[in-house]
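Below: coords_27.tsv (TSV, C-alpha atoms)
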```tsv
chain	number	residue	atom	x	y	z
K	1	MET	CA	33.58	33.70	15.55
K	2	SER	CA	37.25	34.51	16.02
K	3	ASP	CA	39.73	31.70	16.68
K	4	GLN	CA	42.01	34.15	18.48
K	5	LEU	CA	41.27	34.54	22.18
K	6	ALA	CA	42.06	37.34	24.60
K	7	TYR	CA	41.04	36.34	28.12
K	8	LEU	CA	40.64	39.62	30.02
K	9	ASP	CA	38.34	38.55	32.84
K	10	HIS	CA	40.83	37.62	35.56
K	11	ALA	CA	38.72	39.31	38.23
K	12	ALA	CA	36.09	36.63	37.59
K	13	THR	CA	38.53	33.72	37.60
K	14	THR	CA	42.10	33.02	36.58
K	15	PRO	CA	43.57	30.16	34.54
K	16	LEU	CA	44.99	27.34	36.63
K	17	ARG	CA	48.70	27.81	37.25
K	18	PRO	CA	50.90	24.89	36.16
K	19	GLU	CA	52.31	24.67	39.70
K	20	ALA	CA	48.79	24.15	41.05
K	21	ARG	CA	47.96	21.52	38.45
K	22	ALA	CA	51.15	19.57	39.20
K	23	ALA	CA	50.55	19.69	42.94
K	24	MET	CA	46.96	18.48	42.58
K	25	LEU	CA	47.48	15.54	40.25
K	26	PRO	CA	48.67	12.98	42.85
K	27	TRP	CA	45.67	13.85	45.05
K	28	LEU	CA	43.32	13.11	42.16
K	29	GLY	CA	44.68	9.57	41.91
K	30	GLU	CA	46.97	7.51	44.09
K	31	ARG	CA	46.83	9.88	47.07
K	32	PHE	CA	43.28	9.98	48.37
K	33	GLY	CA	43.21	9.92	52.18
K	34	ASN	CA	40.64	11.59	54.43
K	35	PRO	CA	42.60	14.00	56.67
K	36	SER	CA	40.29	13.25	59.61
K	37	GLY	CA	41.38	9.60	59.80
K	38	ALA	CA	44.13	8.03	61.92
K	39	HIS	CA	45.97	5.61	59.59
K	40	ARG	CA	48.99	6.40	57.43
K	41	VAL	CA	47.00	7.29	54.29
K	42	ALA	CA	44.88	9.72	56.29
K	43	ARG	CA	47.91	11.15	58.08
K	44	ALA	CA	49.56	11.92	54.73
K	45	ALA	CA	46.47	13.84	53.65
K	46	ARG	CA	46.39	15.71	56.94
K	47	GLN	CA	50.04	16.67	56.51
K	48	ALA	CA	49.28	18.04	53.03
K	49	VAL	CA	46.44	20.15	54.42
K	50	ASP	CA	48.61	21.42	57.25
K	51	GLU	CA	51.38	22.40	54.83
K	52	ALA	CA	48.80	24.25	52.76
K	53	ARG	CA	47.66	26.03	55.90
K	54	ASP	CA	51.22	27.26	56.33
K	55	ALA	CA	51.13	28.73	52.80
K	56	VAL	CA	47.93	30.68	53.48
K	57	ALA	CA	49.33	31.92	56.79
K	58	GLU	CA	52.48	33.20	55.09
K	59	VAL	CA	50.54	35.11	52.42
K	60	VAL	CA	48.03	36.68	54.82
K	61	GLY	CA	50.34	37.17	57.78
K	62	CYS	CA	48.75	35.06	60.51
K	63	ARG	CA	49.32	31.89	62.51
K	64	PRO	CA	48.58	28.60	60.68
K	65	GLY	CA	46.05	27.70	63.36
K	66	GLU	CA	44.02	30.77	62.45
K	67	VAL	CA	43.36	29.51	58.89
K	68	VAL	CA	39.95	27.91	58.28
K	69	PHE	CA	39.59	26.27	54.86
K	70	THR	CA	36.27	26.83	53.11
K	71	GLY	CA	34.59	26.09	49.79
K	72	GLY	CA	35.58	29.50	48.39
K	73	GLY	CA	35.50	33.24	49.02
K	74	THR	CA	31.70	33.41	49.22
K	75	GLU	CA	31.56	30.83	51.99
K	76	ALA	CA	34.40	32.59	53.80
K	77	ASP	CA	32.54	35.93	53.62
K	78	ASN	CA	29.32	34.33	54.86
K	79	LEU	CA	31.10	32.63	57.74
K	80	ALA	CA	32.70	35.92	58.73
K	81	VAL	CA	29.52	37.99	58.67
K	82	ARG	CA	26.92	35.50	59.82
K	83	GLY	CA	29.27	33.59	62.13
K	84	VAL	CA	30.39	36.67	64.07
K	85	HIS	CA	26.85	38.02	64.27
K	86	ALA	CA	25.60	34.64	65.57
K	87	ALA	CA	28.25	34.65	68.29
K	88	ARG	CA	27.64	38.28	69.25
K	89	PRO	CA	24.40	39.76	67.86
K	90	GLY	CA	24.49	43.48	67.18
K	91	PRO	CA	24.72	46.08	64.40
K	92	VAL	CA	26.78	45.12	61.34
K	93	LEU	CA	28.23	47.56	58.79
K	94	CYS	CA	29.90	47.19	55.42
K	95	SER	CA	30.87	49.48	52.57
K	96	ALA	CA	28.32	50.09	49.82
K	97	VAL	CA	30.62	48.55	47.18
K	98	GLU	CA	31.17	45.14	48.74
K	99	HIS	CA	30.73	41.91	46.80
K	100	GLU	CA	27.27	40.35	47.07
K	101	ALA	CA	28.83	37.64	49.25
K	102	VAL	CA	29.14	40.32	51.94
K	103	LEU	CA	26.23	42.61	51.06
K	104	ARG	CA	23.59	39.90	51.19
K	105	PRO	CA	24.65	38.35	54.53
K	106	VAL	CA	24.90	41.86	56.02
K	107	ALA	CA	21.36	42.59	54.85
K	108	GLU	CA	20.17	39.24	56.19
K	109	VAL	CA	21.34	40.07	59.72
K	110	GLY	CA	19.79	43.56	59.54
K	111	GLY	CA	23.01	45.45	58.86
K	112	SER	CA	23.54	48.57	56.76
K	113	THR	CA	26.04	50.05	54.30
K	114	VAL	CA	28.45	52.95	54.55
K	115	PRO	CA	28.76	55.28	51.52
K	116	VAL	CA	31.81	55.67	49.30
K	117	ASP	CA	33.13	58.61	47.30
K	118	ALA	CA	33.42	58.92	43.52
K	119	ARG	CA	36.61	56.82	43.58
K	120	GLY	CA	34.84	54.00	45.40
K	121	VAL	CA	36.73	54.67	48.66
K	122	ILE	CA	34.78	54.27	51.90
K	123	ASP	CA	33.82	57.48	53.72
K	124	LEU	CA	35.67	57.19	57.04
K	125	GLU	CA	33.72	60.04	58.63
K	126	ALA	CA	30.43	58.37	57.75
K	127	LEU	CA	31.76	55.07	59.13
K	128	GLU	CA	32.77	56.70	62.39
K	129	ALA	CA	29.39	58.38	62.73
K	130	ARG	CA	27.55	55.07	62.34
K	131	LEU	CA	29.63	53.08	64.80
K	132	THR	CA	28.09	52.40	68.21
K	133	ALA	CA	29.34	50.69	71.33
K	134	ASP	CA	27.41	47.53	70.45
K	135	THR	CA	28.53	47.28	66.80
K	136	THR	CA	29.36	43.64	66.12
K	137	LEU	CA	31.23	43.68	62.83
K	138	VAL	CA	32.51	46.01	60.11
K	139	SER	CA	33.36	44.49	56.72
K	140	VAL	CA	35.41	46.39	54.12
K	141	MET	CA	37.04	44.70	51.13
K	142	VAL	CA	40.74	45.26	50.51
K	143	ALA	CA	40.16	45.94	46.80
K	144	ASN	CA	37.00	46.20	44.74
K	145	ASN	CA	36.16	43.47	42.25
K	146	GLU	CA	34.68	45.80	39.61
K	147	VAL	CA	36.82	48.94	39.48
K	148	GLY	CA	39.85	47.78	41.49
K	149	THR	CA	39.77	50.51	44.15
K	150	VAL	CA	42.13	49.72	47.05
K	151	GLN	CA	40.49	50.56	50.35
K	152	PRO	CA	42.25	52.08	53.40
K	153	VAL	CA	41.62	48.99	55.51
K	154	GLY	CA	44.21	49.99	58.09
K	155	ALA	CA	42.44	53.30	58.67
K	156	VAL	CA	39.11	51.46	58.85
K	157	ALA	CA	40.46	49.15	61.54
K	158	GLU	CA	41.82	52.12	63.52
K	159	VAL	CA	38.46	53.90	63.46
K	160	VAL	CA	36.53	50.78	64.40
K	161	HIS	CA	38.83	49.73	67.23
K	162	ARG	CA	38.79	53.26	68.64
K	163	ARG	CA	35.04	53.88	68.40
K	164	ALA	CA	33.74	50.33	68.91
K	165	PRO	CA	36.48	48.39	70.74
K	166	THR	CA	34.55	45.12	70.94
K	167	ALA	CA	33.65	45.05	67.23
K	168	SER	CA	35.44	42.73	64.81
K	169	VAL	CA	36.80	43.91	61.44
K	170	HIS	CA	36.53	41.70	58.37
K	171	ALA	CA	38.36	42.25	55.09
K	172	ASP	CA	37.52	40.45	51.86
K	173	ALA	CA	40.97	40.09	50.27
K	174	VAL	CA	39.84	37.87	47.39
K	175	GLN	CA	40.81	40.34	44.64
K	176	ALA	CA	43.86	41.72	46.43
K	177	THR	CA	45.76	38.51	47.21
K	178	SER	CA	47.55	38.33	43.86
K	179	TRP	CA	48.78	41.90	43.95
K	180	LEU	CA	49.26	43.40	47.41
K	181	PRO	CA	51.49	42.58	50.42
K	182	LEU	CA	48.69	41.46	52.73
K	183	PRO	CA	50.62	41.04	56.02
K	184	ASP	CA	51.36	44.78	56.12
K	185	LEU	CA	47.85	45.80	55.10
K	186	LEU	CA	45.95	43.44	57.40
K	187	ALA	CA	47.81	43.78	60.68
K	188	GLY	CA	44.75	45.20	62.48
K	189	ILE	CA	42.13	43.01	60.79
K	190	ASP	CA	40.34	40.24	62.72
K	191	LEU	CA	38.99	38.17	59.82
K	192	VAL	CA	40.25	37.84	56.23
K	193	SER	CA	38.67	36.03	53.27
K	194	VAL	CA	40.82	34.64	50.43
K	195	SER	CA	39.96	32.53	47.39
K	196	SER	CA	41.92	29.99	45.36
K	197	HIS	CA	40.68	30.61	41.84
K	198	LYS	CA	41.60	34.30	41.91
K	199	VAL	CA	45.29	33.47	42.31
K	200	GLY	CA	45.61	30.69	39.74
K	201	GLY	CA	44.38	27.86	41.93
K	202	PRO	CA	41.37	25.57	41.44
K	203	GLN	CA	37.80	26.77	41.84
K	204	GLY	CA	35.77	25.77	44.89
K	205	VAL	CA	38.43	26.37	47.57
K	206	GLY	CA	39.09	29.33	49.85
K	207	ALA	CA	39.90	30.22	53.42
K	208	LEU	CA	38.81	32.49	56.23
K	209	VAL	CA	41.50	33.70	58.62
K	210	VAL	CA	40.02	34.05	62.11
K	211	ARG	CA	42.43	35.75	64.48
K	212	GLY	CA	42.62	34.38	68.00
K	213	GLY	CA	39.96	35.76	70.33
K	214	THR	CA	37.51	36.70	67.56
K	215	PRO	CA	33.96	35.65	68.54
K	216	ILE	CA	32.50	33.40	65.84
K	217	ARG	CA	30.06	30.53	65.58
K	218	ALA	CA	29.93	27.75	62.98
K	219	LEU	CA	27.21	27.89	60.34
K	220	ALA	CA	27.24	24.17	59.55
K	221	LEU	CA	27.61	21.39	62.11
K	222	GLY	CA	29.09	17.96	61.56
K	223	GLY	CA	32.41	16.30	62.24
K	224	GLY	CA	34.04	19.36	63.73
K	225	GLN	CA	36.78	19.91	61.18
K	226	GLU	CA	38.62	23.26	60.95
K	227	ARG	CA	38.48	24.10	64.65
K	228	GLU	CA	34.77	23.13	64.53
K	229	LEU	CA	34.10	26.16	62.34
K	230	ARG	CA	33.74	24.37	58.98
K	231	SER	CA	32.67	20.74	59.28
K	232	GLY	CA	33.03	18.47	56.29
K	233	THR	CA	35.66	16.34	54.58
K	234	HIS	CA	38.49	18.44	53.18
K	235	ASP	CA	39.00	18.85	49.44
K	236	VAL	CA	42.63	17.84	49.73
K	237	ALA	CA	43.44	18.18	46.04
K	238	GLY	CA	41.88	21.63	45.90
K	239	ILE	CA	43.58	22.79	49.08
K	240	VAL	CA	46.97	21.55	47.87
K	241	GLY	CA	46.44	23.32	44.52
K	242	PHE	CA	45.44	26.51	46.33
K	243	ALA	CA	48.65	26.43	48.35
K	244	ALA	CA	50.80	25.83	45.27
K	245	ALA	CA	49.16	28.77	43.50
K	246	LEU	CA	49.72	30.99	46.53
K	247	ARG	CA	53.40	30.07	46.69
K	248	ALA	CA	53.85	30.76	42.97
K	249	THR	CA	52.01	34.06	43.33
K	250	LEU	CA	54.08	35.21	46.28
K	251	ALA	CA	57.40	34.22	44.66
K	252	ALA	CA	56.80	36.50	41.66
K	253	GLN	CA	54.34	39.04	43.06
K	254	ASP	CA	56.35	42.21	42.46
K	255	ARG	CA	57.53	41.20	38.97
K	256	THR	CA	54.06	40.07	37.92
K	257	ALA	CA	52.41	43.22	39.26
K	258	ALA	CA	54.83	45.45	37.33
K	259	ARG	CA	54.34	43.51	34.09
K	260	VAL	CA	50.56	43.42	34.45
K	261	ARG	CA	50.37	47.12	35.31
K	262	ALA	CA	52.23	47.96	32.10
K	263	LEU	CA	49.83	45.80	30.07
K	264	ARG	CA	46.82	47.36	31.78
K	265	ASP	CA	48.07	50.89	31.14
K	266	ARG	CA	48.76	50.16	27.47
K	267	LEU	CA	45.28	48.71	27.11
K	268	ALA	CA	43.70	51.69	28.87
K	269	ASP	CA	45.60	54.30	26.88
K	270	GLY	CA	44.81	52.54	23.62
K	271	LEU	CA	41.09	52.34	24.31
K	272	LEU	CA	40.84	55.95	25.48
K	273	ASP	CA	42.60	57.06	22.29
K	274	ALA	CA	40.54	54.86	19.99
K	275	VAL	CA	37.03	55.39	21.44
K	276	PRO	CA	35.95	59.04	21.57
K	277	GLY	CA	34.14	59.86	24.79
K	278	ALA	CA	35.38	56.79	26.68
K	279	VAL	CA	35.78	57.43	30.41
K	280	GLU	CA	38.05	55.48	32.75
K	281	THR	CA	36.15	54.67	35.95
K	282	GLY	CA	37.37	54.84	39.53
K	283	PRO	CA	40.49	56.25	41.14
K	284	GLY	CA	43.85	56.94	39.52
K	285	ARG	CA	45.72	53.92	38.23
K	286	ASP	CA	48.15	53.97	41.14
K	287	GLU	CA	45.22	53.76	43.58
K	288	ARG	CA	43.76	50.56	42.19
K	289	LEU	CA	44.89	47.01	41.51
K	290	PRO	CA	47.52	46.59	38.77
K	291	GLY	CA	45.26	44.49	36.54
K	292	ALA	CA	42.03	46.46	36.94
K	293	LEU	CA	40.60	48.48	34.08
K	294	HIS	CA	37.00	49.71	34.02
K	295	VAL	CA	35.71	52.04	31.34
K	296	CYS	CA	32.34	53.47	30.39
K	297	LEU	CA	31.83	53.69	26.64
K	298	PRO	CA	29.32	56.10	25.07
K	299	GLY	CA	26.46	55.05	22.84
K	300	VAL	CA	26.56	51.33	23.61
K	301	GLU	CA	24.83	48.85	25.91
K	302	SER	CA	27.12	46.54	27.88
K	303	GLU	CA	25.25	43.35	27.04
K	304	ALA	CA	25.37	43.95	23.29
K	305	LEU	CA	29.02	44.96	23.49
K	306	LEU	CA	29.98	41.83	25.40
K	307	PHE	CA	28.19	39.69	22.81
K	308	LEU	CA	30.21	41.25	19.99
K	309	LEU	CA	33.43	40.98	21.96
K	310	ASP	CA	32.80	37.30	22.62
K	311	GLU	CA	32.25	36.80	18.89
K	312	ALA	CA	35.57	38.58	18.33
K	313	GLY	CA	37.37	36.40	20.87
K	314	VAL	CA	37.63	38.89	23.75
K	315	CYS	CA	36.47	37.59	27.12
K	316	ALA	CA	35.36	40.51	29.31
K	317	SER	CA	32.51	41.52	31.60
K	318	ALA	CA	30.55	44.53	32.73
K	319	ALA	CA	30.46	43.81	36.46
K	320	SER	CA	30.76	40.93	38.91
K	321	ALA	CA	29.89	37.46	37.63
K	322	CYS	CA	26.44	36.23	38.68
K	323	ALA	CA	24.78	32.82	38.59
K	324	SER	CA	22.60	33.54	35.54
K	325	GLY	CA	25.44	34.94	33.44
K	326	ALA	CA	23.23	37.93	32.58
K	327	GLN	CA	24.47	41.48	33.02
K	328	GLN	CA	22.91	43.32	35.95
K	329	ALA	CA	23.01	46.98	36.95
K	330	SER	CA	26.14	47.63	38.99
K	331	HIS	CA	25.57	48.61	42.61
K	332	VAL	CA	29.24	49.60	42.69
K	333	LEU	CA	28.88	52.24	39.98
K	334	ALA	CA	25.63	53.48	41.53
K	335	ALA	CA	27.33	53.88	44.92
K	336	MET	CA	30.15	55.83	43.25
K	337	GLY	CA	27.64	58.22	41.70
K	338	VAL	CA	28.23	57.16	38.09
K	339	PRO	CA	25.20	58.38	36.08
K	340	ALA	CA	22.93	55.57	34.89
K	341	ASP	CA	23.25	56.54	31.22
K	342	ARG	CA	27.04	56.31	31.46
K	343	ALA	CA	26.96	53.06	33.44
K	344	ARG	CA	24.97	51.38	30.66
K	345	GLY	CA	28.19	51.25	28.62
K	346	ALA	CA	30.33	49.74	31.39
K	347	LEU	CA	33.15	47.41	30.42
K	348	ARG	CA	35.47	45.61	32.86
K	349	LEU	CA	38.75	44.32	31.42
K	350	THR	CA	40.99	42.64	33.99
K	351	VAL	CA	44.54	41.56	33.26
K	352	GLY	CA	46.23	38.70	35.12
K	353	TRP	CA	49.28	36.51	35.53
K	354	SER	CA	48.83	34.74	32.18
K	355	THR	CA	47.96	37.79	30.03
K	356	THR	CA	50.19	38.38	27.00
K	357	ASP	CA	50.99	41.35	24.77
K	358	ALA	CA	49.19	39.57	21.95
K	359	GLU	CA	45.97	39.45	23.99
K	360	VAL	CA	46.18	43.18	24.65
K	361	ASP	CA	46.80	43.83	20.95
K	362	HIS	CA	43.78	41.74	20.04
K	363	ALA	CA	41.55	43.61	22.49
K	364	LEU	CA	42.80	46.97	21.22
K	365	ALA	CA	41.62	45.98	17.75
K	366	ALA	CA	38.37	44.28	18.75
K	367	VAL	CA	36.89	46.67	21.33
K	368	PRO	CA	36.94	49.87	19.23
K	369	ALA	CA	35.56	47.94	16.26
K	370	ALA	CA	32.70	46.54	18.34
K	371	VAL	CA	31.90	49.97	19.81
K	372	ALA	CA	31.90	51.57	16.36
K	373	ARG	CA	29.54	48.87	15.06
K	374	LEU	CA	27.08	49.44	17.91
K	375	GLN	CA	27.29	53.20	17.46
K	376	GLY	CA	26.59	52.82	13.76
K	377	VAL	CA	29.88	54.39	12.77
K	378	PRO	CA	30.95	53.38	9.21
K	379	ALA	CA	33.99	51.10	9.13
```
As structure tokens:
Amino acid sequence: MSDQLAYLDHAATTPLRPEARAAMLPWLGERFGNPSGAHRVARAARQAVDEARDAVAEVVGCRPGEVVFTGGGTEADNLAVRGVHAARPGPVLCSAVEHEAVLRPVAEVGGSTVPVDARGVIDLEALEARLTADTTLVSVMVANNEVGTVQPVGAVAEVVHRRAPTASVHADAVQATSWLPLPDLLAGIDLVSVSSHKVGGPQGVGALVVRGGTPIRALALGGGQERELRSGTHDVAGIVGFAAALRATLAAQDRTAARVRALRDRLADGLLDAVPGAVETGPGRDERLPGALHVCLPGVESEALLFLLDEAGVCASAASACASGAQQASHVLAAMGVPADRARGALRLTVGWSTTDAEVDHALAAVPAAVARLQGVPA
């Protein structure tokens, strides 16, 4: 097993930023108050949570009072879909390439999916045709977690608000937060999900932005925290770390995106040159997230390839991370019309804020070697 490590799975989770670690440390020790209390220790914790709420509001482009802290992006997605449907039952729609955290709640409430094209972009005509006057919610992610496709969420909101004026629009911005200027993109969106560990913050923290006037009902009842939409004692350390990561992300967003895009493009070009028959999946590079690279490699199975890459010190994936850790067939590739035989060789390599040139170099040596070994090509 290689001692050298190239971590190229930032779409699954990112390393903790030093700014987040530093901000969290006091709240893991001498600062420990419950923000729902009334004494000075509790008030200090509440102030920290409120300041973190300001950071989320700045990144998303909303009022601080519209930010509801959650236990992560999955909880935020569930609260958006199931909470809005509970408050106003009716048809629910989402794109066919959403994360399971949206797809499964949509299925649970009897909703349906809208097709996408070969790039993974939602079909706006199909969406418009399926909207009815009693549609409750439409959920479309800002950017896809497997192939990085950026969706036209503004156009989606325009169609929905024109055809179904009482419907709410939800956007899962978990993958997009690190890379895109969300306030401009999300101006017409009613609910937005974001996640801490995709921006260099701690795992287990996220937020749902609920714009004023959006009908929504709590899924869990208790002490009434977070505008009575998410009861439970706040994870102050996690929330503070989330905010610090967001501030660090926003301060260097343009510079980081440019650097990461260059690394991604070098990695993509190198793999396409080194592996005959390799196909880059999804839209053009300018139409997807800067760090997103998805390729389909001929003559290999993803699971075997990932095993060899792990042995070689390259951390990658084939699709979205699941609880078992096993590789599953990608509903995203199926929805995009990628043939099953091609999809069997899927490889997702995602670059992030901490990625170095050395990691890209290591991957450019390890991936072609692993593919050649599986194909039985002599060294």
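From atom CA of K:Val67 back to atom CA of K:Leu182, the distance works out to 14.5 Å.
Among K:Leu305, K:Val142, K:Leu333, K:Val360, the residue with the shortest atom-to-atom distance to K:Gly345, counting only C-alpha atoms, is K:Leu305.
A straight line drawn from atom CA of K:Arg261 to atom CA of K:Gly282 is 15.7 Å long.
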Could you make a table, as CSV, of the residues of stretch 325-358 of chain K that have an atom within 8 Å of an atom of stretch 119-132 of chain K, each with its nearest atom pair and distance in Å to one decimal, counting all atoms listed in the file, in chain and number order?
```
residue,atom,partner,partner_atom,distance
K:Val332,CA,K:Gly120,CA,7.6
K:Ala335,CA,K:Gly120,CA,7.5
K:Met336,CA,K:Gly120,CA,5.5
```
For K:Glu146, find every residue with an atom within 12 Å (counting all atoms listed in the file), except residues of its own chain fewer than 4 positions away, and show them as a compact mmCIF listing (two decimals) with C-alpha atoms, in the coordinates of the input.
```txt
# COMPACT_ATOMS: atom_id res chain seq x y z
CA ASP K 9 38.34 38.55 32.84
CA HIS K 10 40.83 37.62 35.56
CA ALA K 11 38.72 39.31 38.23
CA ALA K 12 36.09 36.63 37.59
CA VAL K 97 30.62 48.55 47.18
CA GLU K 98 31.17 45.14 48.74
CA HIS K 99 30.73 41.91 46.80
CA GLU K 100 27.27 40.35 47.07
CA ARG K 119 36.61 56.82 43.58
CA GLY K 120 34.84 54.00 45.40
CA MET K 141 37.04 44.70 51.13
CA VAL K 150 42.13 49.72 47.05
CA GLN K 175 40.81 40.34 44.64
CA THR K 281 36.15 54.67 35.95
CA GLY K 282 37.37 54.84 39.53
CA ARG K 288 43.76 50.56 42.19
CA LEU K 289 44.89 47.01 41.51
CA GLY K 291 45.26 44.49 36.54
CA ALA K 292 42.03 46.46 36.94
CA LEU K 293 40.60 48.48 34.08
CA HIS K 294 37.00 49.71 34.02
CA VAL K 295 35.71 52.04 31.34
CA ALA K 316 35.36 40.51 29.31
CA SER K 317 32.51 41.52 31.60
CA ALA K 318 30.55 44.53 32.73
CA ALA K 319 30.46 43.81 36.46
CA SER K 320 30.76 40.93 38.91
CA ALA K 321 29.89 37.46 37.63
CA SER K 330 26.14 47.63 38.99
CA HIS K 331 25.57 48.61 42.61
CA VAL K 332 29.24 49.60 42.69
CA LEU K 333 28.88 52.24 39.98
CA MET K 336 30.15 55.83 43.25
CA ALA K 346 30.33 49.74 31.39
CA LEU K 347 33.15 47.41 30.42
CA ARG K 348 35.47 45.61 32.86
CA LEU K 349 38.75 44.32 31.42
CA THR K 350 40.99 42.64 33.99
```
Please, which residues in stretch 231-338 of chain K fall within 6 Å of stretch 200-212 of chain K when counting all atoms listed in the file, and what is the closest atom pair and distance in Å to one decimal for each, ordered by chain then residue number, as CSV?
```
residue,atom,partner,partner_atom,distance
K:Gly238,CA,K:Pro202,CA,6.0
K:Gly241,CA,K:Gly201,CA,5.6
K:Phe242,CA,K:Gly201,CA,4.7
K:Ala245,CA,K:Gly201,CA,5.1
```
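Take atom CA of K:Val174 and atom CA of K:Ser195: the distance between them is 5.3 Å.
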I'd like the neighbourhood of stretch 221-228 of chain K as a ChimeraX atom specification, where a residue qualifies if any of its atoms comes within 8 Å (using all atoms listed in the file), though same-chain residues fewer than 2 positions away should be ignored. /K:36,68-69,218-219,230-233
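Comparing the minimum interatomic distances between K:Ser178 and each of K:Gly352, K:Gly154, K:Pro283, K:Pro64, counting all atoms listed in the file, we find that K:Gly352 sits nearest.
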Which residue gives the smallest distance to K:Leu250 among K:Ala55, K:Ala20, K:Leu8, K:Ala80, with all atoms listed in the file counted? K:Ala55
